[in-house]
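The structure file work02.cif is reproduced below (mmCIF, C-alpha atoms).
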```
data_input
#
loop_
_atom_site.group_PDB
_atom_site.id
_atom_site.type_symbol
_atom_site.label_atom_id
_atom_site.label_comp_id
_atom_site.auth_asym_id
_atom_site.auth_seq_id
_atom_site.Cartn_x
_atom_site.Cartn_y
_atom_site.Cartn_z
ATOM 1 C CA MET A 1460 -235.658 93.926 -44.815
ATOM 2 C CA ASN A 1461 -233.887 92.337 -47.809
ATOM 3 C CA GLN A 1462 -230.856 93.858 -49.515
ATOM 4 C CA GLU A 1463 -232.820 95.462 -52.350
ATOM 5 C CA ALA A 1464 -235.274 97.061 -49.933
ATOM 6 C CA ALA A 1465 -232.419 98.299 -47.741
ATOM 7 C CA GLU A 1466 -230.758 99.903 -50.744
ATOM 8 C CA ALA A 1467 -234.078 101.466 -51.720
ATOM 9 C CA GLU A 1468 -234.281 103.112 -48.292
ATOM 10 C CA GLY A 1469 -231.308 105.284 -49.238
ATOM 11 C CA MET A 1470 -232.712 106.367 -52.591
ATOM 12 C CA PRO A 1471 -234.519 109.604 -53.250
ATOM 13 C CA ASN A 1472 -238.189 108.776 -53.821
ATOM 14 C CA SER A 1473 -237.982 110.068 -57.407
ATOM 15 C CA ARG A 1474 -235.861 106.994 -58.194
ATOM 16 C CA ARG A 1475 -237.086 104.504 -55.600
ATOM 17 C CA GLY A 1476 -239.379 101.957 -57.197
ATOM 18 C CA LYS A 1477 -237.957 102.703 -60.622
ATOM 19 C CA SER A 1478 -234.955 101.112 -62.290
ATOM 20 C CA ASP A 1479 -232.723 102.928 -64.753
ATOM 21 C CA LEU A 1480 -234.696 101.019 -67.366
ATOM 22 C CA SER A 1481 -237.555 103.451 -66.835
ATOM 23 C CA LEU A 1482 -235.544 106.022 -68.766
ATOM 24 C CA ILE A 1483 -236.175 104.000 -71.930
ATOM 25 C CA LEU A 1484 -239.891 104.856 -71.848
ATOM 26 C CA PRO A 1485 -240.951 107.970 -73.838
ATOM 27 C CA THR A 1486 -243.088 110.262 -71.692
ATOM 28 C CA SER A 1487 -245.411 111.073 -74.595
ATOM 29 C CA THR A 1488 -246.085 107.384 -75.237
ATOM 30 C CA LEU A 1489 -246.739 106.755 -71.535
ATOM 31 C CA ASN A 1490 -249.213 109.638 -71.440
ATOM 32 C CA ASP A 1491 -251.013 108.368 -74.544
ATOM 33 C CA LEU A 1492 -251.304 104.851 -73.104
ATOM 34 C CA VAL A 1493 -252.612 106.089 -69.761
ATOM 35 C CA HIS A 1494 -255.215 108.274 -71.478
ATOM 36 C CA THR A 1495 -256.384 105.286 -73.558
ATOM 37 C CA TRP A 1496 -256.534 102.921 -70.567
ATOM 38 C CA LEU A 1497 -258.441 105.361 -68.351
ATOM 39 C CA SER A 1498 -260.858 106.249 -71.142
ATOM 40 C CA GLU A 1499 -261.583 102.571 -71.684
ATOM 41 C CA ASP A 1500 -262.309 102.010 -67.986
ATOM 42 C CA LEU A 1501 -264.260 105.215 -67.383
ATOM 43 C CA PRO A 1502 -265.740 106.466 -70.664
ATOM 44 C CA SER A 1503 -268.507 108.583 -69.149
ATOM 45 C CA PHE A 1504 -269.859 109.161 -65.608
ATOM 46 C CA ASP A 1505 -267.883 108.293 -62.467
ATOM 47 C CA TYR A 1506 -270.793 107.095 -60.356
ATOM 48 C CA GLY A 1507 -268.513 105.651 -57.662
ATOM 49 C CA GLY A 1508 -266.766 108.987 -57.342
ATOM 50 C CA THR A 1509 -269.995 110.635 -56.169
ATOM 51 C CA VAL A 1510 -270.173 108.082 -53.354
ATOM 52 C CA VAL A 1511 -266.692 108.640 -51.904
ATOM 53 C CA GLY A 1512 -266.183 112.339 -52.614
ATOM 54 C CA ASP A 1513 -262.889 114.116 -53.137
ATOM 55 C CA ARG A 1514 -261.216 114.239 -49.719
ATOM 56 C CA GLU A 1515 -257.505 113.412 -49.436
ATOM 57 C CA GLU A 1516 -256.734 109.786 -48.603
ATOM 58 C CA LYS A 1517 -253.778 107.417 -48.575
ATOM 59 C CA ALA A 1518 -253.798 103.933 -50.102
ATOM 60 C CA VAL A 1519 -251.218 101.157 -49.783
ATOM 61 C CA LEU A 1520 -250.102 98.864 -52.600
ATOM 62 C CA LEU A 1521 -249.797 95.314 -51.282
ATOM 63 C CA CYS A 1522 -248.136 92.338 -52.960
ATOM 64 C CA LYS A 1523 -249.962 89.123 -52.049
ATOM 65 C CA SER A 1524 -248.090 86.493 -54.070
ATOM 66 C CA PRO A 1525 -244.370 85.969 -54.733
ATOM 67 C CA GLY A 1526 -242.831 87.562 -57.799
ATOM 68 C CA VAL A 1527 -240.516 90.167 -59.283
ATOM 69 C CA LEU A 1528 -241.734 93.764 -59.043
ATOM 70 C CA ALA A 1529 -242.091 95.336 -62.499
ATOM 71 C CA GLY A 1530 -244.222 97.948 -64.223
ATOM 72 C CA CYS A 1531 -243.614 100.725 -61.714
ATOM 73 C CA PRO A 1532 -243.375 103.514 -64.343
ATOM 74 C CA PHE A 1533 -246.802 102.575 -65.738
ATOM 75 C CA PHE A 1534 -248.407 102.340 -62.295
ATOM 76 C CA GLU A 1535 -246.992 105.745 -61.392
ATOM 77 C CA ALA A 1536 -247.968 107.325 -64.731
ATOM 78 C CA VAL A 1537 -251.614 106.380 -64.168
ATOM 79 C CA PHE A 1538 -251.735 108.149 -60.821
ATOM 80 C CA LYS A 1539 -249.670 111.108 -61.996
ATOM 81 C CA HIS A 1540 -252.298 111.649 -64.692
ATOM 82 C CA LEU A 1541 -254.906 111.797 -61.900
ATOM 83 C CA ASN A 1542 -252.838 114.231 -59.754
ATOM 84 C CA CYS A 1543 -251.982 111.574 -57.165
ATOM 85 C CA LYS A 1544 -248.533 110.894 -55.735
ATOM 86 C CA VAL A 1545 -246.797 107.524 -55.440
ATOM 87 C CA LYS A 1546 -244.174 106.821 -52.779
ATOM 88 C CA TRP A 1547 -242.248 103.648 -53.542
ATOM 89 C CA LEU A 1548 -241.005 101.528 -50.658
ATOM 90 C CA VAL A 1549 -239.361 98.832 -52.798
ATOM 91 C CA SER A 1550 -237.184 99.021 -55.918
ATOM 92 C CA GLU A 1551 -238.292 97.695 -59.272
ATOM 93 C CA GLY A 1552 -236.729 94.307 -59.955
ATOM 94 C CA THR A 1553 -236.949 93.211 -56.315
ATOM 95 C CA GLN A 1554 -238.088 89.667 -55.572
ATOM 96 C CA LEU A 1555 -241.177 90.227 -53.416
ATOM 97 C CA VAL A 1556 -242.210 87.970 -50.541
ATOM 98 C CA PRO A 1557 -245.904 88.279 -49.626
ATOM 99 C CA VAL A 1558 -247.614 89.911 -47.933
ATOM 100 C CA CYS A 1559 -245.612 93.135 -48.180
ATOM 101 C CA THR A 1560 -246.253 96.843 -48.721
ATOM 102 C CA VAL A 1561 -244.730 98.026 -51.980
ATOM 103 C CA ALA A 1562 -245.905 101.649 -52.239
ATOM 104 C CA GLU A 1563 -248.160 104.337 -50.830
ATOM 105 C CA VAL A 1564 -250.438 106.433 -53.033
ATOM 106 C CA THR A 1565 -251.950 109.722 -51.851
ATOM 107 C CA GLY A 1566 -254.537 111.932 -53.488
ATOM 108 C CA LYS A 1567 -258.240 112.663 -53.693
ATOM 109 C CA VAL A 1568 -260.083 109.452 -52.950
ATOM 110 C CA ASN A 1569 -262.227 109.564 -56.090
ATOM 111 C CA ARG A 1570 -259.020 109.857 -58.136
ATOM 112 C CA LEU A 1571 -257.370 106.984 -56.260
ATOM 113 C CA LEU A 1572 -260.301 104.733 -57.057
ATOM 114 C CA MET A 1573 -260.474 105.990 -60.622
ATOM 115 C CA GLY A 1574 -256.924 104.797 -61.281
ATOM 116 C CA GLU A 1575 -256.929 101.705 -59.054
ATOM 117 C CA ARG A 1576 -257.825 98.963 -61.531
ATOM 118 C CA VAL A 1577 -255.881 100.375 -64.478
ATOM 119 C CA ALA A 1578 -252.726 100.763 -62.389
ATOM 120 C CA LEU A 1579 -253.110 97.292 -60.872
ATOM 121 C CA ASN A 1580 -253.615 95.763 -64.318
ATOM 122 C CA CYS A 1581 -250.244 97.178 -65.331
ATOM 123 C CA ILE A 1582 -248.258 96.086 -62.308
ATOM 124 C CA THR A 1583 -249.779 92.602 -61.919
ATOM 125 C CA ARG A 1584 -249.127 91.696 -65.539
ATOM 126 C CA ALA A 1585 -245.718 93.341 -65.809
ATOM 127 C CA SER A 1586 -244.589 91.592 -62.628
ATOM 128 C CA GLY A 1587 -245.854 88.277 -63.990
ATOM 129 C CA VAL A 1588 -243.797 88.680 -67.168
ATOM 130 C CA ALA A 1589 -240.711 89.781 -65.230
ATOM 131 C CA THR A 1590 -241.024 86.863 -62.820
ATOM 132 C CA LYS A 1591 -241.049 84.313 -65.637
ATOM 133 C CA ALA A 1592 -238.288 86.171 -67.475
ATOM 134 C CA LYS A 1593 -236.080 86.119 -64.387
ATOM 135 C CA ARG A 1594 -236.487 82.355 -64.041
ATOM 136 C CA LEU A 1595 -235.270 81.890 -67.612
ATOM 137 C CA ALA A 1596 -232.416 84.332 -67.088
ATOM 138 C CA GLU A 1597 -231.348 82.258 -64.090
ATOM 139 C CA LEU A 1598 -231.465 79.056 -66.166
ATOM 140 C CA LYS A 1599 -229.189 80.715 -68.711
ATOM 141 C CA GLN A 1600 -226.798 81.795 -65.985
ATOM 142 C CA MET A 1601 -226.698 78.346 -64.388
ATOM 143 C CA ALA A 1602 -225.931 76.814 -67.793
ATOM 144 C CA SER A 1603 -223.099 79.347 -68.353
ATOM 145 C CA TRP A 1604 -224.517 80.012 -71.812
ATOM 146 C CA ALA A 1605 -223.317 83.219 -73.505
ATOM 147 C CA GLY A 1606 -226.315 83.777 -75.799
ATOM 148 C CA GLU A 1607 -229.547 85.713 -75.262
ATOM 149 C CA VAL A 1608 -232.980 84.518 -74.176
ATOM 150 C CA ALA A 1609 -235.614 86.670 -75.899
ATOM 151 C CA GLY A 1610 -239.332 87.248 -76.077
ATOM 152 C CA THR A 1611 -241.309 87.600 -79.301
ATOM 153 C CA ARG A 1612 -243.998 89.833 -80.843
ATOM 154 C CA LYS A 1613 -246.683 87.586 -79.332
ATOM 155 C CA THR A 1614 -247.910 90.261 -76.955
ATOM 156 C CA THR A 1615 -251.281 91.513 -75.730
ATOM 157 C CA PRO A 1616 -252.728 94.086 -78.193
ATOM 158 C CA GLY A 1617 -252.327 97.586 -76.770
ATOM 159 C CA PHE A 1618 -250.100 96.312 -73.959
ATOM 160 C CA ARG A 1619 -246.846 95.575 -75.786
ATOM 161 C CA LEU A 1620 -244.820 98.371 -74.211
ATOM 162 C CA VAL A 1621 -245.621 97.086 -70.726
ATOM 163 C CA GLU A 1622 -244.819 93.453 -71.533
ATOM 164 C CA LYS A 1623 -241.625 94.232 -73.465
ATOM 165 C CA TYR A 1624 -240.459 96.523 -70.657
ATOM 166 C CA ALA A 1625 -241.123 93.754 -68.134
ATOM 167 C CA LEU A 1626 -238.876 91.388 -70.092
ATOM 168 C CA LEU A 1627 -236.022 93.845 -69.575
ATOM 169 C CA VAL A 1628 -236.741 94.091 -65.857
ATOM 170 C CA GLY A 1629 -236.607 90.294 -65.695
ATOM 171 C CA GLY A 1630 -233.187 90.298 -67.333
ATOM 172 C CA ILE A 1631 -233.767 89.031 -70.863
ATOM 173 C CA SER A 1632 -234.014 90.502 -74.355
ATOM 174 C CA THR A 1633 -237.159 91.888 -75.944
ATOM 175 C CA HIS A 1634 -236.407 90.758 -79.512
ATOM 176 C CA ARG A 1635 -237.742 93.193 -82.142
ATOM 177 C CA TYR A 1636 -240.326 95.581 -80.758
ATOM 178 C CA ASP A 1637 -242.447 95.688 -83.913
ATOM 179 C CA GLN A 1638 -242.382 94.927 -87.626
ATOM 180 C CA SER A 1639 -240.449 98.118 -88.335
ATOM 181 C CA SER A 1640 -237.609 97.293 -85.924
ATOM 182 C CA LEU A 1641 -236.205 94.399 -87.946
ATOM 183 C CA ILE A 1642 -237.223 92.758 -91.219
ATOM 184 C CA MET A 1643 -238.259 89.200 -90.410
ATOM 185 C CA LEU A 1644 -239.056 87.063 -93.422
ATOM 186 C CA LYS A 1645 -241.207 84.111 -92.426
ATOM 187 C CA ASP A 1646 -242.555 81.215 -94.480
ATOM 188 C CA ASN A 1647 -245.519 83.240 -95.744
ATOM 189 C CA HIS A 1648 -243.224 85.932 -97.151
ATOM 190 C CA ILE A 1649 -241.037 83.356 -98.879
ATOM 191 C CA TRP A 1650 -243.935 81.334 -100.261
ATOM 192 C CA SER A 1651 -245.529 84.529 -101.591
ATOM 193 C CA VAL A 1652 -242.484 85.628 -103.595
ATOM 194 C CA GLY A 1653 -241.245 82.170 -104.550
ATOM 195 C CA SER A 1654 -237.779 81.870 -102.981
ATOM 196 C CA VAL A 1655 -235.614 82.840 -100.038
ATOM 197 C CA SER A 1656 -233.180 84.803 -102.173
ATOM 198 C CA SER A 1657 -235.934 86.831 -103.860
ATOM 199 C CA ALA A 1658 -237.417 87.731 -100.491
ATOM 200 C CA VAL A 1659 -234.056 88.775 -99.006
ATOM 201 C CA LYS A 1660 -233.102 90.893 -102.018
ATOM 202 C CA ALA A 1661 -236.464 92.682 -102.009
ATOM 203 C CA ALA A 1662 -236.152 93.351 -98.288
ATOM 204 C CA ARG A 1663 -232.615 94.714 -98.625
ATOM 205 C CA LYS A 1664 -233.716 97.056 -101.390
ATOM 206 C CA THR A 1665 -236.202 98.799 -99.098
ATOM 207 C CA GLY A 1666 -234.489 98.281 -95.751
ATOM 208 C CA GLY A 1667 -231.082 99.451 -96.903
ATOM 209 C CA PHE A 1668 -227.950 99.232 -94.772
ATOM 210 C CA SER A 1669 -229.516 100.412 -91.511
ATOM 211 C CA ILE A 1670 -231.931 97.583 -90.759
ATOM 212 C CA LYS A 1671 -231.157 93.917 -90.256
ATOM 213 C CA ILE A 1672 -232.856 91.052 -92.043
ATOM 214 C CA GLU A 1673 -233.820 87.790 -90.361
ATOM 215 C CA VAL A 1674 -235.064 84.742 -92.253
ATOM 216 C CA GLU A 1675 -237.065 81.861 -90.811
ATOM 217 C CA CYS A 1676 -235.629 78.593 -92.141
ATOM 218 C CA ARG A 1677 -236.740 74.966 -91.802
ATOM 219 C CA ASN A 1678 -233.600 73.290 -93.196
ATOM 220 C CA ILE A 1679 -229.941 73.931 -93.865
ATOM 221 C CA ALA A 1680 -230.502 74.540 -97.577
ATOM 222 C CA GLU A 1681 -232.829 77.469 -96.854
ATOM 223 C CA ALA A 1682 -230.399 78.803 -94.279
ATOM 224 C CA ARG A 1683 -227.484 78.708 -96.721
ATOM 225 C CA GLU A 1684 -229.580 80.446 -99.389
ATOM 226 C CA ALA A 1685 -230.563 83.154 -96.910
ATOM 227 C CA ALA A 1686 -226.973 83.689 -95.727
ATOM 228 C CA ARG A 1687 -225.603 83.896 -99.253
ATOM 229 C CA SER A 1688 -228.350 86.379 -100.168
ATOM 230 C CA GLY A 1689 -227.294 88.729 -97.380
ATOM 231 C CA ALA A 1690 -229.442 87.832 -94.370
ATOM 232 C CA ASP A 1691 -227.997 88.917 -91.023
ATOM 233 C CA ILE A 1692 -229.898 86.472 -88.797
ATOM 234 C CA ILE A 1693 -231.159 82.965 -89.402
ATOM 235 C CA MET A 1694 -234.014 81.591 -87.319
ATOM 236 C CA LEU A 1695 -233.893 77.804 -87.155
ATOM 237 C CA ASP A 1696 -237.589 77.185 -86.620
ATOM 238 C CA ASN A 1697 -239.091 74.106 -84.957
ATOM 239 C CA PHE A 1698 -235.860 72.108 -84.974
ATOM 240 C CA THR A 1699 -235.372 69.392 -82.397
ATOM 241 C CA SER A 1700 -232.510 70.252 -80.080
ATOM 242 C CA GLU A 1701 -230.321 67.557 -81.672
ATOM 243 C CA ALA A 1702 -230.976 68.757 -85.242
ATOM 244 C CA LEU A 1703 -230.562 72.355 -84.115
ATOM 245 C CA HIS A 1704 -227.038 71.984 -82.756
ATOM 246 C CA SER A 1705 -225.702 69.949 -85.668
ATOM 247 C CA THR A 1706 -227.164 72.399 -88.207
ATOM 248 C CA ALA A 1707 -225.910 75.408 -86.257
ATOM 249 C CA ARG A 1708 -222.373 74.006 -86.099
ATOM 250 C CA VAL A 1709 -222.224 73.633 -89.901
ATOM 251 C CA LEU A 1710 -223.676 77.098 -90.516
ATOM 252 C CA LYS A 1711 -221.247 78.776 -88.123
ATOM 253 C CA GLU A 1712 -218.323 77.059 -89.854
ATOM 254 C CA GLU A 1713 -219.490 78.342 -93.238
ATOM 255 C CA PHE A 1714 -220.798 81.761 -92.098
ATOM 256 C CA PRO A 1715 -219.009 82.657 -88.825
ATOM 257 C CA HIS A 1716 -220.553 86.128 -88.562
ATOM 258 C CA LEU A 1717 -224.125 84.919 -88.960
ATOM 259 C CA THR A 1718 -226.427 85.267 -85.942
ATOM 260 C CA LEU A 1719 -228.387 82.071 -85.279
ATOM 261 C CA GLU A 1720 -231.684 82.007 -83.415
ATOM 262 C CA ALA A 1721 -233.574 78.961 -82.166
ATOM 263 C CA SER A 1722 -237.358 79.220 -81.900
ATOM 264 C CA GLY A 1723 -240.453 77.037 -81.943
ATOM 265 C CA GLY A 1724 -241.449 74.357 -79.461
ATOM 266 C CA ILE A 1725 -239.300 75.882 -76.719
ATOM 267 C CA ASN A 1726 -240.582 76.294 -73.175
ATOM 268 C CA GLU A 1727 -239.313 76.727 -69.638
ATOM 269 C CA GLY A 1728 -239.009 72.975 -69.183
ATOM 270 C CA ASN A 1729 -236.808 72.281 -72.208
ATOM 271 C CA ILE A 1730 -235.057 75.588 -72.914
ATOM 272 C CA THR A 1731 -231.679 74.433 -71.589
ATOM 273 C CA ASN A 1732 -231.603 71.780 -74.346
ATOM 274 C CA TYR A 1733 -231.431 74.609 -76.881
ATOM 275 C CA PHE A 1734 -228.495 76.409 -75.282
ATOM 276 C CA GLY A 1735 -225.338 75.657 -77.233
ATOM 277 C CA PRO A 1736 -222.014 77.105 -78.418
ATOM 278 C CA HIS A 1737 -223.308 77.878 -81.915
ATOM 279 C CA ILE A 1738 -226.690 79.352 -80.928
ATOM 280 C CA ASP A 1739 -226.815 83.101 -80.273
ATOM 281 C CA VAL A 1740 -230.504 83.589 -79.403
ATOM 282 C CA VAL A 1741 -233.272 81.393 -78.027
ATOM 283 C CA SER A 1742 -236.748 82.960 -78.276
ATOM 284 C CA LEU A 1743 -240.126 81.823 -76.938
ATOM 285 C CA GLY A 1744 -243.594 83.333 -77.120
ATOM 286 C CA SER A 1745 -244.801 81.967 -73.790
ATOM 287 C CA LEU A 1746 -242.980 84.784 -72.003
ATOM 288 C CA THR A 1747 -245.764 87.166 -72.988
ATOM 289 C CA GLN A 1748 -248.535 84.657 -73.688
ATOM 290 C CA GLY A 1749 -248.370 82.154 -70.853
ATOM 291 C CA TYR A 1750 -247.338 84.052 -67.755
ATOM 292 C CA GLU A 1751 -249.039 83.998 -64.356
ATOM 293 C CA CYS A 1752 -249.873 87.417 -62.923
ATOM 294 C CA VAL A 1753 -248.531 88.484 -59.542
ATOM 295 C CA ASP A 1754 -251.320 89.346 -57.093
ATOM 296 C CA PHE A 1755 -251.429 92.989 -55.948
ATOM 297 C CA SER A 1756 -254.153 95.029 -54.289
ATOM 298 C CA LEU A 1757 -254.573 98.724 -53.478
ATOM 299 C CA LYS A 1758 -256.355 99.502 -50.212
ATOM 300 C CA ILE A 1759 -257.382 102.800 -48.617
ATOM 301 C CA GLN A 1760 -255.817 103.089 -45.159
ATOM 302 C CA LYS A 1761 -258.451 103.416 -42.451
ATOM 303 C CA GLU A 1762 -258.211 102.854 -38.721
ATOM 304 C CA GLY A 1763 -259.746 99.532 -37.747
ATOM 305 C CA ARG A 1764 -259.538 98.173 -41.298
ATOM 306 C CA ASP A 1765 -256.967 95.553 -42.279
ATOM 307 C CA PRO A 1766 -255.586 96.416 -45.746
ATOM 308 C CA LYS A 1767 -254.348 92.837 -46.108
ATOM 309 C CA ASN A 1768 -257.991 91.796 -46.423
ATOM 310 C CA PRO A 1769 -257.657 88.295 -44.891
ATOM 311 C CA ALA A 1770 -259.906 85.489 -46.086
ATOM 312 C CA VAL A 1771 -263.292 85.173 -44.393
ATOM 313 C CA LYS A 1772 -263.440 81.842 -42.559
ATOM 314 C CA GLU A 1773 -266.672 82.420 -40.657
ATOM 315 C CA ASP A 1774 -269.176 85.234 -40.732
ATOM 316 C CA LEU A 1775 -269.435 85.783 -36.979
ATOM 317 C CA LEU A 1776 -272.167 88.410 -37.289
ATOM 318 C CA GLU A 1777 -274.313 86.127 -39.413
ATOM 319 C CA LEU A 1778 -273.846 83.335 -36.873
ATOM 320 C CA ASN A 1779 -274.834 85.758 -34.052
ATOM 321 C CA ILE A 1780 -271.617 84.986 -32.161
#
```
Mind converting the file's structure to structure tokens?
Amino acid sequence: MNQEAAEAEGMPNSRRGKSDLSLILPTSTLNDLVHTWLSEDLPSFDYGGTVVGDREEKAVLLCKSPGVLAGCPFFEAVFKHLNCKVKWLVSEGTQLVPVCTVAEVTGKVNRLLMGERVALNCITRASGVATKAKRLAELKQMASWAGEVAGTRKTTPGFRLVEKYALLVGGISTHRYDQSSLIMLKDNHIWSVGSVSSAVKAARKTGGFSIKIEVECRNIAEAREAARSGADIIMLDNFTSEALHSTARVLKEEFPHLTLEASGGINEGNITNYFGPHIDVVSLGSLTQGYECVDFSLKIQKEGRDPKNPAVKEDLLELNI
């Protein structure tokens, strides 16, 4: 048993499997999401439910590929909605080594199967995001860089809360959650109104003192105009790493309180090139667009049945052996 699992053994089950991060999730929003997901997957008759009936059963959640466990609150919310109970055996954020049992779910078998795919969709994808996020957080740590690695708004429609939450589990920043969280003025905004300064002034008029303004800039002249107009954050977009650091150094000398973000063309293979003393944030969309899911399955426990579902190498019955 690894250290995280050993610590989880001493937790009350109400907290085991969940991190303190789960407290950030509004219950009403979770309930709304679960209702939408289940309605999408089962909009009318539950034909499979008539096959299995409604007797009490226990299922085990198995992890079958390596990754960071994330998405536990969403998995649990699905089954809570269906009057099933989840017992976590591993804490959220744990690095999982396959094949291992992560949780047990008990309830009426038709309800277990009703929630199976929706719950697995949440935990496989969330764990995939968290796994990639953790790798980038470790790169930051190894580089001894003091800034923040962040995701973007490039998320799956209807699934943003899960993916943004998973970024936090993986140890990096979410960036703005939506368009209302921060005013980001991109090239289309600026081209539409004619200048950087006009766009910033219009944004400040409606946003007021309580919301920050970020401006996407492609050169130092645009960045200076944005800073002088009152922007809080400058995004240096699609700069090479060399151009980025020289531009950032000049901007920090002129505007020391300005937050500088690097974005565009950044990936896991080159991200360390963008870490630097004058860069505060490095963001990349591939965290929520290009992640590999972690493989989980949920299997009803039955005597004589292997929940690990090993690969079939030969059909001995078919071969009459």
Would you write out, as an mmCIF file with C-alpha atoms, in the frame of the given file, every residue that the PyMOL selection byres ((chain A and resi 1579) around 9) captures in this file?
```cif
data_model
loop_
_atom_site.group_PDB
_atom_site.id
_atom_site.type_symbol
_atom_site.label_atom_id
_atom_site.label_comp_id
_atom_site.auth_asym_id
_atom_site.auth_seq_id
_atom_site.Cartn_x
_atom_site.Cartn_y
_atom_site.Cartn_z
ATOM 1 C CA LEU A 1520 -250.102 98.864 -52.600
ATOM 2 C CA PHE A 1534 -248.407 102.340 -62.295
ATOM 3 C CA GLY A 1574 -256.924 104.797 -61.281
ATOM 4 C CA GLU A 1575 -256.929 101.705 -59.054
ATOM 5 C CA ARG A 1576 -257.825 98.963 -61.531
ATOM 6 C CA VAL A 1577 -255.881 100.375 -64.478
ATOM 7 C CA ALA A 1578 -252.726 100.763 -62.389
ATOM 8 C CA ASN A 1580 -253.615 95.763 -64.318
ATOM 9 C CA CYS A 1581 -250.244 97.178 -65.331
ATOM 10 C CA ILE A 1582 -248.258 96.086 -62.308
ATOM 11 C CA THR A 1583 -249.779 92.602 -61.919
ATOM 12 C CA ARG A 1584 -249.127 91.696 -65.539
ATOM 13 C CA ASP A 1754 -251.320 89.346 -57.093
ATOM 14 C CA PHE A 1755 -251.429 92.989 -55.948
ATOM 15 C CA SER A 1756 -254.153 95.029 -54.289
ATOM 16 C CA LEU A 1757 -254.573 98.724 -53.478
#
```
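Here, the PyMOL selection byres ((chain A and resi 1720) around 10) matches A:Gly1606, A:Glu1607, A:Val1608, A:Ala1609, A:Glu1673, A:Val1674, A:Glu1675, A:Ile1692, A:Ile1693, A:Met1694, A:Leu1695, A:Asp1696, A:Leu1703, A:Ala1707, A:Leu1717, A:Thr1718, A:Leu1719, A:Ala1721, A:Ser1722, A:Tyr1733, A:His1737, A:Ile1738, A:Asp1739, A:Val1740, A:Val1741, A:Ser1742.
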Set up a box along x, y and z of the file covering all listed atoms of range 1580-1590 of chain A, add 3 Å on every one of the six sides, and write the centre and edge lengths in Å to one decimal, as AutoDock Vina command-line options.
```
--center_x -247.2 --center_y 92.0 --center_z -64.5 --size_x 18.9 --size_y 16.3 --size_z 11.2
```
Protein and nucleic acid residues near (-228.2, 77.5, -72.5) (cut-off 9 Å, all atoms listed in the file) as a PyMOL selection string: chain A and resi 1598-1608+1730-1736+1738+1741
Which residues fall under the PyMOL selection byres ((chain A and resi 1536) around 10) in this file, as number ranges by chain? A: 1486, 1489-1490, 1492-1494, 1531-1535, 1537-1545, 1574, 1578
When distances are computed from all atoms listed in the file, which of A:Leu1528, A:Ala1686, A:Cys1676, A:Leu1501 shows the smallest separation from Lys1591 in chain A?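 Looking at the shortest contact to Lys1591 in chain A, the residue is A:Leu1528.
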Tyr1636 in chain A: which residues within 9 Å, counting all atoms listed in the file, same-chain residues fewer than 5 positions away excluded, as a list of chain:residue names? A:Thr1611, A:Arg1612, A:Arg1619, A:Leu1620, A:Lys1623, A:Leu1641
Residue among A:Ser1586, A:Thr1665, A:Ser1651, A:Asn1726 lying closest to Glu1551 in chain A, counting all atoms listed in the file: A:Ser1586
In Å, rounded to a single decimal, give me how far CA of Asp1491 in chain A is from CA of Met1573 in chain A.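 The value is 17.0 Å.
Put simply, CA of Glu1515 in chain A is 23.6 Å away from CA of Trp1496 in chain A.
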Around (-224.9, 84.0, -93.2), as given in the file, which residues come within 9 Å? Count all atoms listed in the file and list them as a VMD selection string. chain A and resid 1682 to 1693 1710 to 1711 1713 to 1719
To one decimal place, how far is CA of Gly1566 in chain A from CA of Glu1516 in chain A in Å?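 CA of Glu1516 in chain A lies 5.8 Å from CA of Gly1566 in chain A.
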Selected residue of minimal separation from Glu1563 in chain A among A:Gly1526, A:Ala1518, A:Gly1512, A:Val1588, counting all atoms listed in the file: A:Ala1518
